[in-house]
Amino acid sequence: MSVEALSELRKVLSEGRTYEIQKGQVILSTEDREVFNYISSGFVKRYLISHKGDIGVQIIYGPGDFFPLSRVYKVLFNQDLYKGPEIYYYEAMTDLELSTIDAAELKEKVTGSMLLHRALLIEAGKRLETTLWGLENIMMENSQKRVAHQLAYYARHFGKKTSKGVEIKIPLTHQDLADILSVARETVSPAMKQLRKEGLIKTNRHIVVPNINKLEKEAYTSE
C-alpha cells in the first residue's frame, strides 16, 4: 500500500514541469511562490544563513524525495509549521532533474484521494525521522561520534552497495559536514581522519562505509 501511494504521488508530480538544474543553483527559497518538487536524480540541500554569515544545513534531499513539505501543510490544512523570521534556501548539490507542480494544483488532486493523503503522511514520517536523528546527533559525546552518527544515517538513506562497502552518493566535503553539524570545519577534519584510521570509512570521490553497523557502534559506544 505504501509503495502504491508513493507511486501515485510520483505520477501526479510527473505531470508537472520538468527542469534540469545545475550544481550550485538555488532552486527556491521560503519567500518564493508555493510549489512542490520531486527529485528524479541528484541531491538538494536546505539551509539558512545566520546573521553572522554562517550556513546551517537542515536537511539533504535525494532521488525520490519531495520538498518542501511544510508548504503542503499550509495549502492543504492552513497549518504554518514555521513562523520564524529566517529564510531557507534550497540549493542543488549536484546536477539534478526536478519535477515541479504548483501547491494549489496539488491540493486539487489530493482532495478526496486517501491514497495521496497516505503518500504525504509517509513523506511526513521521513521528515520526522530526519529531525529525530538530528536531535539525537546533538547529544553524541564528541565530534567524532557525531560525524560517525551522521555518516551512518546517510549511508542507510543515500548509500549504494559496492564491493568495498556502502558508497554514500552525496558529494560531501568536510565543509558540508561542518555546516550540517553546525561545527567548524577544523572539528570535522580530524574526526574524519580518525574514522579512516580505524577503517570505519574510506574516502575517494565519495565516502564509503565498509560496515554500517560498526560505524553506528562507534557513534553510540561510550568512551
# chains A, B, ... in the order shown; residues from 1 in each chain; ligands from 1
>>> residues_around(residues="stretch 208-218 of chain A", least_positions_apart="4", cutoff="7 Å", atoms="only C-alpha atoms", output="VMD selection string")
chain A and resid 145 148 to 149 152 164 to 168 200 to 203
>>> residues_around(residues="A:Arg46", least_positions_apart="2", cutoff="7 Å", atoms="only C-alpha atoms", output="short mmCIF file (atom, residue, chain, number, x, y, z; two decimals) with all heavy atoms, in the first residue's frame")
data_model
loop_
_atom_site.label_atom_id
_atom_site.label_comp_id
_atom_site.auth_asym_id
_atom_site.auth_seq_id
_atom_site.Cartn_x
_atom_site.Cartn_y
_atom_site.Cartn_z
N VAL A 44 19.75 17.82 -3.21
CA VAL A 44 19.43 19.20 -2.85
C VAL A 44 19.64 19.38 -1.35
O VAL A 44 19.32 18.48 -0.57
CB VAL A 44 17.96 19.54 -3.20
CG1 VAL A 44 17.56 20.91 -2.67
CG2 VAL A 44 17.74 19.46 -4.70
N VAL A 57 22.95 23.79 7.47
CA VAL A 57 22.20 22.87 6.60
C VAL A 57 21.24 22.04 7.45
O VAL A 57 21.66 21.35 8.37
CB VAL A 57 23.16 21.94 5.83
CG1 VAL A 57 22.36 20.92 5.01
CG2 VAL A 57 24.07 22.75 4.91
N GLN A 58 19.96 22.12 7.13
CA GLN A 58 18.95 21.40 7.89
C GLN A 58 18.73 19.98 7.39
O GLN A 58 18.57 19.06 8.18
CB GLN A 58 17.61 22.14 7.80
CG GLN A 58 17.42 23.21 8.85
CD GLN A 58 15.95 23.58 8.95
OE1 GLN A 58 15.20 23.51 7.99
NE2 GLN A 58 15.54 23.98 10.13
N ILE A 59 18.69 19.83 6.07
CA ILE A 59 18.32 18.52 5.53
C ILE A 59 18.87 18.40 4.11
O ILE A 59 19.06 19.40 3.42
CB ILE A 59 16.78 18.34 5.53
CG1 ILE A 59 16.39 16.92 5.12
CG2 ILE A 59 16.12 19.37 4.63
CD1 ILE A 59 14.90 16.65 5.30
N ILE A 60 19.13 17.17 3.72
CA ILE A 60 19.53 16.87 2.35
C ILE A 60 18.47 15.96 1.73
O ILE A 60 18.03 15.00 2.35
CB ILE A 60 20.92 16.19 2.30
CG1 ILE A 60 22.00 17.20 2.72
CG2 ILE A 60 21.21 15.65 0.90
CD1 ILE A 60 23.40 16.61 2.77
N TYR A 88 14.85 30.21 4.31
CA TYR A 88 15.54 28.97 3.98
C TYR A 88 15.70 28.86 2.46
O TYR A 88 14.80 29.24 1.70
CB TYR A 88 14.78 27.76 4.52
CG TYR A 88 14.85 27.67 6.03
CD1 TYR A 88 13.92 28.35 6.82
CD2 TYR A 88 15.84 26.94 6.66
CE1 TYR A 88 13.98 28.29 8.21
CE2 TYR A 88 15.90 26.87 8.03
CZ TYR A 88 14.98 27.54 8.81
OH TYR A 88 15.05 27.48 10.18
N TYR A 89 16.84 28.33 2.05
CA TYR A 89 17.15 28.20 0.63
C TYR A 89 17.32 26.72 0.28
O TYR A 89 17.76 25.92 1.10
CB TYR A 89 18.43 28.96 0.29
CG TYR A 89 18.35 30.43 0.62
CD1 TYR A 89 18.75 30.90 1.87
CD2 TYR A 89 17.89 31.36 -0.31
CE1 TYR A 89 18.68 32.25 2.19
CE2 TYR A 89 17.82 32.71 -0.01
CZ TYR A 89 18.21 33.15 1.25
OH TYR A 89 18.13 34.48 1.57
N TYR A 90 16.98 26.41 -0.96
CA TYR A 90 17.15 25.05 -1.48
C TYR A 90 18.12 25.13 -2.65
O TYR A 90 17.85 25.77 -3.66
CB TYR A 90 15.81 24.49 -1.94
CG TYR A 90 14.80 24.36 -0.82
CD1 TYR A 90 14.05 25.46 -0.41
CD2 TYR A 90 14.60 23.14 -0.18
CE1 TYR A 90 13.12 25.35 0.62
CE2 TYR A 90 13.67 23.02 0.85
CZ TYR A 90 12.93 24.13 1.24
OH TYR A 90 12.02 24.01 2.25
N GLU A 91 19.27 24.47 -2.49
CA GLU A 91 20.35 24.57 -3.48
C GLU A 91 20.74 23.20 -4.01
O GLU A 91 20.81 22.21 -3.26
CB GLU A 91 21.56 25.24 -2.84
CG GLU A 91 22.76 25.40 -3.78
CD GLU A 91 23.94 26.04 -3.08
OE1 GLU A 91 23.75 27.07 -2.40
OE2 GLU A 91 25.05 25.49 -3.19
#
>>> closest_residue(among="A:Thr173, A:Ser2, A:Ser143, A:Thr162", to="A:Glu123", atoms="only C-alpha atoms")
A:Ser2
>>> residues_around(residues="A:Ser99", least_positions_apart="5", cutoff="10 Å", atoms="only C-alpha atoms", output="list in words")
Arg10, Val12, Leu13, Ser14, Glu15, Gly16, Arg17, Thr18, Tyr19, Glu20, Phe36, Asn37, Tyr38, Ile39, Ser40 and Phe66 of chain A
>>> write_last_selection(atoms="all heavy atoms", output="compact mmCIF listing (two decimals), in the first residue's frame")
# COMPACT_ATOMS: atom_id res chain seq x y z
N ARG A 10 4.16 10.24 -7.20
CA ARG A 10 5.17 10.48 -8.24
C ARG A 10 4.50 10.68 -9.60
O ARG A 10 4.94 11.51 -10.40
CB ARG A 10 6.15 9.31 -8.30
CG ARG A 10 7.03 9.18 -7.06
CD ARG A 10 8.11 8.14 -7.25
NE ARG A 10 8.90 7.98 -6.05
CZ ARG A 10 8.82 6.94 -5.22
NH1 ARG A 10 7.96 5.96 -5.49
NH2 ARG A 10 9.57 6.87 -4.15
N VAL A 12 1.54 11.96 -10.12
CA VAL A 12 0.96 13.30 -10.10
C VAL A 12 2.03 14.35 -10.39
O VAL A 12 1.83 15.27 -11.19
CB VAL A 12 0.28 13.59 -8.74
CG1 VAL A 12 -0.05 15.07 -8.59
CG2 VAL A 12 -0.98 12.76 -8.59
N LEU A 13 3.19 14.20 -9.75
CA LEU A 13 4.26 15.18 -9.93
C LEU A 13 4.86 15.11 -11.33
O LEU A 13 5.33 16.12 -11.86
CB LEU A 13 5.34 14.97 -8.88
CG LEU A 13 4.93 15.37 -7.46
CD1 LEU A 13 5.97 14.92 -6.46
CD2 LEU A 13 4.73 16.86 -7.36
N SER A 14 4.87 13.93 -11.92
CA SER A 14 5.45 13.78 -13.26
C SER A 14 4.63 14.53 -14.31
O SER A 14 5.11 14.79 -15.41
CB SER A 14 5.55 12.30 -13.64
OG SER A 14 4.26 11.73 -13.81
N GLU A 15 3.40 14.88 -13.94
CA GLU A 15 2.56 15.64 -14.86
C GLU A 15 2.87 17.14 -14.81
O GLU A 15 2.33 17.91 -15.59
CB GLU A 15 1.08 15.40 -14.50
CG GLU A 15 0.64 13.96 -14.68
CD GLU A 15 -0.75 13.69 -14.14
OE1 GLU A 15 -1.34 14.62 -13.54
OE2 GLU A 15 -1.25 12.56 -14.31
N GLY A 16 3.74 17.51 -13.88
CA GLY A 16 4.13 18.91 -13.76
C GLY A 16 5.27 19.27 -14.71
O GLY A 16 5.59 18.52 -15.64
N ARG A 17 5.89 20.39 -14.45
CA ARG A 17 7.00 20.86 -15.30
C ARG A 17 8.31 20.20 -14.86
O ARG A 17 8.57 20.08 -13.66
CB ARG A 17 7.12 22.38 -15.19
CG ARG A 17 5.86 23.10 -15.70
CD ARG A 17 5.80 24.54 -15.26
NE ARG A 17 5.72 24.66 -13.81
CZ ARG A 17 4.58 24.47 -13.13
NH1 ARG A 17 3.47 24.15 -13.76
NH2 ARG A 17 4.57 24.62 -11.82
N THR A 18 9.12 19.80 -15.82
CA THR A 18 10.40 19.14 -15.53
C THR A 18 11.55 20.08 -15.87
O THR A 18 11.55 20.72 -16.92
CB THR A 18 10.53 17.84 -16.34
OG1 THR A 18 9.45 16.96 -16.00
CG2 THR A 18 11.85 17.15 -16.02
N TYR A 19 12.52 20.15 -14.96
CA TYR A 19 13.67 21.03 -15.14
C TYR A 19 14.97 20.25 -14.94
O TYR A 19 15.03 19.30 -14.16
CB TYR A 19 13.65 22.18 -14.12
CG TYR A 19 12.43 23.06 -14.19
CD1 TYR A 19 11.34 22.83 -13.38
CD2 TYR A 19 12.38 24.14 -15.07
CE1 TYR A 19 10.21 23.63 -13.43
CE2 TYR A 19 11.26 24.96 -15.14
CZ TYR A 19 10.18 24.70 -14.31
OH TYR A 19 9.07 25.50 -14.37
N GLU A 20 16.00 20.71 -15.63
CA GLU A 20 17.36 20.23 -15.37
C GLU A 20 18.10 21.38 -14.70
O GLU A 20 18.22 22.47 -15.27
CB GLU A 20 18.05 19.80 -16.66
CG GLU A 20 17.45 18.54 -17.27
CD GLU A 20 18.21 18.05 -18.49
OE1 GLU A 20 19.17 18.75 -18.90
OE2 GLU A 20 17.85 16.99 -19.02
N PHE A 36 5.62 22.49 -5.18
CA PHE A 36 6.02 21.22 -4.59
C PHE A 36 6.91 20.53 -5.61
O PHE A 36 6.60 20.52 -6.80
CB PHE A 36 4.77 20.39 -4.30
CG PHE A 36 4.99 19.26 -3.33
CD1 PHE A 36 5.66 19.46 -2.14
CD2 PHE A 36 4.49 18.00 -3.62
CE1 PHE A 36 5.84 18.42 -1.24
CE2 PHE A 36 4.67 16.95 -2.72
CZ PHE A 36 5.34 17.16 -1.53
N ASN A 37 8.03 19.97 -5.16
CA ASN A 37 9.05 19.44 -6.07
C ASN A 37 9.35 17.97 -5.81
O ASN A 37 9.33 17.51 -4.65
CB ASN A 37 10.35 20.24 -5.91
CG ASN A 37 10.13 21.72 -6.14
OD1 ASN A 37 10.10 22.19 -7.26
ND2 ASN A 37 9.98 22.46 -5.05
N TYR A 38 9.68 17.27 -6.88
CA TYR A 38 10.08 15.86 -6.80
C TYR A 38 11.43 15.70 -7.50
O TYR A 38 11.62 16.17 -8.62
CB TYR A 38 9.03 14.97 -7.48
CG TYR A 38 9.47 13.55 -7.67
CD1 TYR A 38 9.60 12.69 -6.57
CD2 TYR A 38 9.79 13.06 -8.93
CE1 TYR A 38 10.01 11.39 -6.74
CE2 TYR A 38 10.20 11.75 -9.11
CZ TYR A 38 10.31 10.92 -8.00
OH TYR A 38 10.73 9.62 -8.17
N ILE A 39 12.36 15.04 -6.82
CA ILE A 39 13.71 14.85 -7.37
C ILE A 39 13.79 13.51 -8.10
O ILE A 39 13.63 12.45 -7.48
CB ILE A 39 14.77 14.90 -6.25
CG1 ILE A 39 14.72 16.25 -5.53
CG2 ILE A 39 16.16 14.67 -6.84
CD1 ILE A 39 15.65 16.32 -4.33
N SER A 40 14.04 13.57 -9.39
CA SER A 40 14.24 12.34 -10.17
C SER A 40 15.68 11.85 -10.00
O SER A 40 15.94 10.65 -9.88
CB SER A 40 13.95 12.59 -11.65
OG SER A 40 12.62 12.99 -11.84
N PHE A 66 10.53 14.45 -1.95
CA PHE A 66 9.64 15.56 -2.25
C PHE A 66 9.94 16.73 -1.32
O PHE A 66 10.30 16.51 -0.16
CB PHE A 66 8.18 15.14 -2.04
CG PHE A 66 7.79 13.86 -2.72
CD1 PHE A 66 7.88 12.65 -2.06
CD2 PHE A 66 7.33 13.86 -4.02
CE1 PHE A 66 7.53 11.46 -2.68
CE2 PHE A 66 6.97 12.69 -4.65
CZ PHE A 66 7.07 11.48 -3.98
>>> atom_distance(atom1="atom CA of A:Arg71", atom2="atom CA of A:Thr30")
8.8 Å
>>> select_by_dssp(residues="stretch 64-100 of chain A", states="alpha helix (DSSP H)", output="list of chain:residue names")
A:Leu69, A:Ser70, A:Arg71, A:Val72, A:Tyr73, A:Lys74, A:Val75, A:Leu76, A:Phe77
>>> residues_around(residues="A:Ser50", least_positions_apart="5", cutoff="10 Å", atoms="only C-alpha atoms", output="VMD selection string")
chain A and resid 55 to 56 86 to 87
>>> atom_distance(atom1="atom CA of A:Glu34", atom2="atom CA of A:Leu135")
28.1 Å
>>> atom_distance(atom1="atom CA of A:Leu115", atom2="atom CA of A:Ala5")
5.2 Å
>>> select_by_dssp(residues="stretch 68-110 of chain A", states="strand (DSSP E)", output="list in words")
Tyr88, Tyr89, Tyr90, Glu91, Ala92, Leu96, Glu97, Leu98, Ser99, Thr100, Ile101 and Asp102 of chain A
>>> residues_around(residues="A:Ala184", least_positions_apart="4", cutoff="12 Å", atoms="only C-alpha atoms", output="JSON, numbers by chain")
{"A": [54, 55, 56, 143, 174, 175, 176, 177, 178, 179, 180, 188, 189, 190, 191]}
>>> write_last_selection(atoms="N, CA, C and O atoms", output="CSV table (one decimal), in the first residue's frame")
chain,number,residue,atom,x,y,z
A,54,ASP,N,27.0,32.5,8.9
A,54,ASP,CA,27.3,31.0,8.9
A,54,ASP,C,26.1,30.3,8.2
A,54,ASP,O,25.0,30.7,8.2
A,55,ILE,N,26.5,29.2,7.6
A,55,ILE,CA,25.5,28.4,6.9
A,55,ILE,C,25.1,27.2,7.8
A,55,ILE,O,26.0,26.5,8.3
A,56,GLY,N,23.8,27.0,7.9
A,56,GLY,CA,23.3,25.9,8.7
A,56,GLY,C,22.5,25.0,7.8
A,56,GLY,O,21.4,25.4,7.3
A,143,SER,N,32.8,15.1,18.7
A,143,SER,CA,32.6,15.4,17.3
A,143,SER,C,32.8,14.1,16.5
A,143,SER,O,32.2,14.0,15.4
A,174,HIS,N,34.2,18.2,3.8
A,174,HIS,CA,34.4,18.4,5.2
A,174,HIS,C,33.5,19.7,5.6
A,174,HIS,O,32.9,19.7,6.7
A,175,GLN,N,33.5,20.7,4.7
A,175,GLN,CA,32.7,21.9,5.0
A,175,GLN,C,31.2,21.6,5.0
A,175,GLN,O,30.5,22.1,5.8
A,176,ASP,N,30.8,20.7,4.1
A,176,ASP,CA,29.4,20.3,4.1
A,176,ASP,C,29.0,19.7,5.4
A,176,ASP,O,28.0,20.0,6.0
A,177,LEU,N,29.8,18.7,5.9
A,177,LEU,CA,29.6,18.1,7.2
A,177,LEU,C,29.6,19.1,8.3
A,177,LEU,O,28.8,19.0,9.3
A,178,ALA,N,30.5,20.0,8.3
A,178,ALA,CA,30.6,21.1,9.3
A,178,ALA,C,29.3,21.9,9.3
A,178,ALA,O,28.7,22.2,10.4
A,179,ASP,N,28.8,22.2,8.1
A,179,ASP,CA,27.5,23.0,8.0
A,179,ASP,C,26.3,22.2,8.5
A,179,ASP,O,25.4,22.8,9.1
A,180,ILE,N,26.3,20.9,8.3
A,180,ILE,CA,25.3,20.1,8.7
A,180,ILE,C,25.2,19.9,10.2
A,180,ILE,O,24.2,19.9,10.9
A,188,VAL,N,35.7,18.8,12.0
A,188,VAL,CA,35.3,17.7,11.3
A,188,VAL,C,36.5,16.9,10.7
A,188,VAL,O,36.6,15.7,10.7
A,189,SER,N,37.5,17.7,10.2
A,189,SER,CA,38.7,17.1,9.6
A,189,SER,C,39.4,16.0,10.4
A,189,SER,O,39.6,14.9,9.9
A,190,PRO,N,39.8,16.3,11.7
A,190,PRO,CA,40.4,15.3,12.5
A,190,PRO,C,39.5,14.1,12.8
A,190,PRO,O,40.0,13.0,12.9
A,191,ALA,N,38.2,14.4,12.9
A,191,ALA,CA,37.2,13.3,13.2
A,191,ALA,C,37.2,12.3,12.0
A,191,ALA,O,37.2,11.1,12.1
>>> closest_residue(among="A:Ser7, A:Phe67, A:Leu28, A:Gly199", to="A:Ala124", atoms="only C-alpha atoms")
A:Phe67
>>> closest_residue(among="A:Ser113, A:Thr130, A:Ser222, A:Ser182", to="A:Glu8", atoms="only C-alpha atoms")
A:Ser113
>>> residues_around(residues="A:Glu108", least_positions_apart="4", cutoff="12 Å", atoms="only C-alpha atoms", output="compact mmCIF listing (two decimals) with N, CA, C and O atoms, in the first residue's frame")
# COMPACT_ATOMS: atom_id res chain seq x y z
N VAL A 12 1.54 11.96 -10.12
CA VAL A 12 0.96 13.30 -10.10
C VAL A 12 2.03 14.35 -10.39
O VAL A 12 1.83 15.27 -11.19
N VAL A 72 3.00 22.25 1.75
CA VAL A 72 1.83 21.41 1.50
C VAL A 72 0.88 21.48 2.70
O VAL A 72 -0.35 21.54 2.54
N VAL A 75 -1.02 24.72 2.44
CA VAL A 75 -2.04 24.72 1.38
C VAL A 75 -3.20 23.78 1.70
O VAL A 75 -4.37 24.12 1.50
N LEU A 76 -2.88 22.57 2.21
CA LEU A 76 -3.92 21.58 2.44
C LEU A 76 -4.69 21.80 3.74
O LEU A 76 -5.90 21.58 3.80
N ILE A 101 5.25 21.12 -9.40
CA ILE A 101 3.82 21.34 -9.55
C ILE A 101 3.41 22.42 -8.55
O ILE A 101 3.94 22.48 -7.44
N ASP A 102 2.51 23.30 -8.95
CA ASP A 102 2.02 24.32 -8.03
C ASP A 102 1.29 23.65 -6.87
O ASP A 102 0.56 22.67 -7.06
N ALA A 103 1.49 24.19 -5.66
CA ALA A 103 0.87 23.59 -4.49
C ALA A 103 -0.65 23.62 -4.59
O ALA A 103 -1.33 22.69 -4.14
N ALA A 104 -1.19 24.68 -5.20
CA ALA A 104 -2.65 24.77 -5.36
C ALA A 104 -3.16 23.65 -6.27
O ALA A 104 -4.23 23.07 -6.04
N GLY A 112 -9.84 14.52 -1.60
CA GLY A 112 -10.68 13.35 -1.86
C GLY A 112 -9.92 12.08 -2.16
O GLY A 112 -10.52 11.02 -2.35
N SER A 113 -8.57 12.16 -2.22
CA SER A 113 -7.76 10.97 -2.51
C SER A 113 -7.06 10.48 -1.25
O SER A 113 -6.09 11.08 -0.79
N LEU A 116 -3.30 9.61 -1.92
CA LEU A 116 -2.34 10.71 -1.92
C LEU A 116 -2.12 11.26 -0.51
O LEU A 116 -1.01 11.67 -0.16
>>> residues_around(residues="A:Leu172", least_positions_apart="6", cutoff="10 Å", atoms="only C-alpha atoms", output="ChimeraX atom specification")
/A:93,151,205-207
